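Printed here is target-v4.cif (mmCIF, C-alpha atoms):
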data_upload
#
loop_
_atom_site.label_atom_id
_atom_site.label_comp_id
_atom_site.auth_asym_id
_atom_site.auth_seq_id
_atom_site.Cartn_x
_atom_site.Cartn_y
_atom_site.Cartn_z
CA MET N 800 49.07 63.49 79.05
CA LYS N 801 47.35 61.80 81.93
CA ARG N 802 44.87 59.07 81.09
CA ALA N 803 43.14 57.20 83.92
CA ASN N 804 45.96 56.13 86.25
CA HIS N 805 48.88 56.38 83.82
CA PHE N 806 50.56 58.81 81.45
CA GLU N 807 50.55 58.62 77.66
CA PHE N 808 52.55 60.54 75.12
CA ILE N 809 50.64 61.84 72.13
CA ASP N 810 51.98 63.41 68.98
CA THR N 811 50.87 67.04 68.72
CA ASN N 812 49.95 66.35 65.08
CA LYS N 813 47.14 64.19 66.46
CA VAL N 814 45.70 66.91 68.71
CA ALA N 815 42.36 68.24 67.42
CA PHE N 816 41.57 70.86 70.04
CA VAL N 817 42.13 71.84 73.64
CA THR N 818 39.61 73.20 76.09
CA SER N 819 39.67 74.32 79.69
CA GLU N 820 36.72 73.33 81.87
CA ASP N 821 36.52 74.27 85.54
CA GLY N 822 40.28 74.85 85.67
CA VAL N 823 41.13 71.49 84.07
CA THR N 824 42.88 71.47 80.69
CA LEU N 825 41.49 68.79 78.39
CA VAL N 826 43.23 67.73 75.18
CA TYR N 827 41.25 65.89 72.51
CA ASN N 828 42.96 63.90 69.80
CA LYS N 829 41.57 63.58 66.27
CA GLU N 830 39.84 60.30 67.18
CA GLY N 831 37.94 61.97 70.02
CA GLN N 832 39.90 60.55 72.93
CA ARG N 833 40.22 62.95 75.86
CA TYR N 834 43.31 63.50 78.00
CA THR N 835 43.89 65.73 81.00
CA TYR N 836 46.89 68.02 80.93
CA ASN N 837 48.48 69.18 84.16
CA LYS N 838 49.30 72.71 83.01
CA THR N 839 47.22 75.68 81.97
CA ILE N 840 45.85 76.26 78.50
CA GLU N 841 48.21 79.25 78.18
CA GLU N 842 51.24 77.08 78.95
CA LEU N 843 50.12 74.51 76.38
CA ASN N 844 49.50 77.24 73.81
CA ASN N 845 53.12 78.36 74.24
CA ILE N 846 54.50 74.95 73.27
CA LEU N 847 52.14 74.00 70.42
CA ASP N 848 53.21 74.81 66.86
CA SER N 849 51.60 78.16 66.01
CA ARG N 850 51.45 77.20 62.33
CA PHE N 851 48.74 74.68 63.19
CA PHE N 852 47.25 75.75 66.53
CA PHE N 853 45.48 78.95 67.50
CA GLN N 854 43.94 79.98 70.81
CA ILE N 855 40.52 81.20 69.65
CA ASN N 856 39.36 82.30 73.12
CA ARG N 857 40.58 82.06 76.69
CA ALA N 858 39.34 78.48 77.03
CA GLN N 859 40.00 76.85 73.63
CA ILE N 860 42.85 76.11 71.24
CA VAL N 861 42.03 74.66 67.84
CA ASN N 862 44.06 72.79 65.23
CA VAL N 863 43.59 74.34 61.76
CA ASN N 864 43.25 70.85 60.28
CA VAL N 865 39.92 70.23 62.04
CA ILE N 866 38.27 73.43 60.79
CA SER N 867 35.89 72.84 57.89
CA LYS N 868 34.09 76.20 57.85
CA ALA N 869 34.33 79.59 59.49
CA HIS N 870 31.45 82.02 59.35
CA PRO N 871 30.35 85.24 61.05
CA TYR N 872 28.66 84.86 64.41
CA PHE N 873 26.71 87.43 66.35
CA ASN N 874 28.41 90.26 68.23
CA ASN N 875 31.29 90.47 65.72
CA ARG N 876 32.69 87.00 66.45
CA MET N 877 33.29 83.95 64.28
CA LYS N 878 31.92 80.43 64.65
CA LEU N 879 34.03 77.51 63.45
CA GLU N 880 32.65 74.24 62.21
CA SER N 881 34.69 71.09 62.59
CA ASN N 882 35.30 68.26 60.16
CA LYS N 883 35.20 65.93 63.18
CA PRO N 884 31.56 64.99 63.90
CA TRP N 885 32.33 64.10 67.51
CA ILE N 886 33.27 67.72 68.30
CA LYS N 887 30.05 69.05 69.78
CA GLU N 888 31.63 72.09 71.40
CA TYR N 889 30.95 75.54 70.04
CA LEU N 890 34.24 76.82 68.66
CA ILE N 891 33.85 80.59 68.85
CA VAL N 892 36.60 83.07 67.98
CA THR N 893 36.24 86.08 70.26
CA ARG N 894 36.18 89.66 68.99
CA SER N 895 39.58 90.37 70.52
CA LYS N 896 41.15 87.44 68.63
CA LEU N 897 39.26 87.79 65.34
CA ALA N 898 41.69 89.98 63.34
CA GLU N 899 44.66 87.89 64.47
CA PHE N 900 42.78 84.68 63.65
CA LYS N 901 41.94 85.87 60.12
CA ALA N 902 45.59 86.81 59.54
CA TRP N 903 46.65 83.39 60.87
CA LEU N 904 44.30 81.64 58.42
CA ASP N 905 45.79 83.64 55.52
CA GLN N 906 49.33 82.38 56.24
#
Could the structure of this file be written out as structure tokens, please?
Amino acid sequence: MKRANHFEFIDTNKVAFVTSEDGVTLVYNKEGQRYTYNKTIEELNNILDSRFFFQINRAQIVNVNVISKAHPYFNNRMKLESNKPWIKEYLIVTRSKLAEFKAWLDQ
């Protein structure tokens, strides 16, 4: 992961969630530190362990270990609450991913 003017290696177990903003993939660790990733969110999704990570919409991947609650959200979607207070982002599971997400949680 790129951080300022150097690269750092982070353990995927320490990744809390991933988001894409304006074409830039941002990886947040469980302490809230942000890293830029030089590939797309789809490419990152392909290498993360699917037992722990799920792409909830086209711009976000979430680690199951940071989810504290999941509840219905309008328009047949689901809103996730995080156990990390620094996560201020809305974590919304889209309608197209909802059935797959529920099955993933039941694993």
Take CA of Phe816 in chain N and CA of Ile860 in chain N and report the distance between them in Å, one decimal.
-> 5.5 Å
Mind telling me what the PyMOL selection byres ((chain N and resi 881) around 12) catches here, as a compact mmCIF listing (two decimals) with C-alpha atoms, in the coordinates of the input?
# COMPACT_ATOMS: atom_id res chain seq x y z
CA ALA N 815 42.36 68.24 67.42
CA PHE N 816 41.57 70.86 70.04
CA LYS N 829 41.57 63.58 66.27
CA VAL N 861 42.03 74.66 67.84
CA ASN N 862 44.06 72.79 65.23
CA VAL N 863 43.59 74.34 61.76
CA ASN N 864 43.25 70.85 60.28
CA VAL N 865 39.92 70.23 62.04
CA ILE N 866 38.27 73.43 60.79
CA SER N 867 35.89 72.84 57.89
CA LYS N 868 34.09 76.20 57.85
CA ALA N 869 34.33 79.59 59.49
CA HIS N 870 31.45 82.02 59.35
CA LYS N 878 31.92 80.43 64.65
CA LEU N 879 34.03 77.51 63.45
CA GLU N 880 32.65 74.24 62.21
CA ASN N 882 35.30 68.26 60.16
CA LYS N 883 35.20 65.93 63.18
CA PRO N 884 31.56 64.99 63.90
CA TRP N 885 32.33 64.10 67.51
CA ILE N 886 33.27 67.72 68.30
CA LYS N 887 30.05 69.05 69.78
CA GLU N 888 31.63 72.09 71.40
CA TYR N 889 30.95 75.54 70.04
CA LEU N 890 34.24 76.82 68.66
CA ILE N 891 33.85 80.59 68.85
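Relative to CA of Asp821 in chain N, CA of Phe873 in chain N is found at 25.3 Å.
Straight-line separation from CA of Tyr836 in chain N to CA of Asn856 in chain N: 17.9 Å.
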Name the residues captured by the PyMOL selection byres ((chain N and resi 844) around 12) when it is applied to the shown file; answer as a ChimeraX atom specification.
-> /N:811,816-819,824,826,836,838-843,845-862
Taking the file above as input, evaluate the PyMOL selection byres ((chain N and resi 895-900) around 8) and report the hits as a PyMOL selection string.
-> chain N and resi 853+855-856+876-877+892-894+901-904
Box for range 875-886 of chain N: with edges along x, y and z, all listed atoms inside and 8 Å added on each side, what are the centre and edge lengths in Å to one decimal, as AutoDock Vina command-line options?
--center_x 33.3 --center_y 77.3 --center_z 64.2 --size_x 20.0 --size_y 42.4 --size_z 24.1
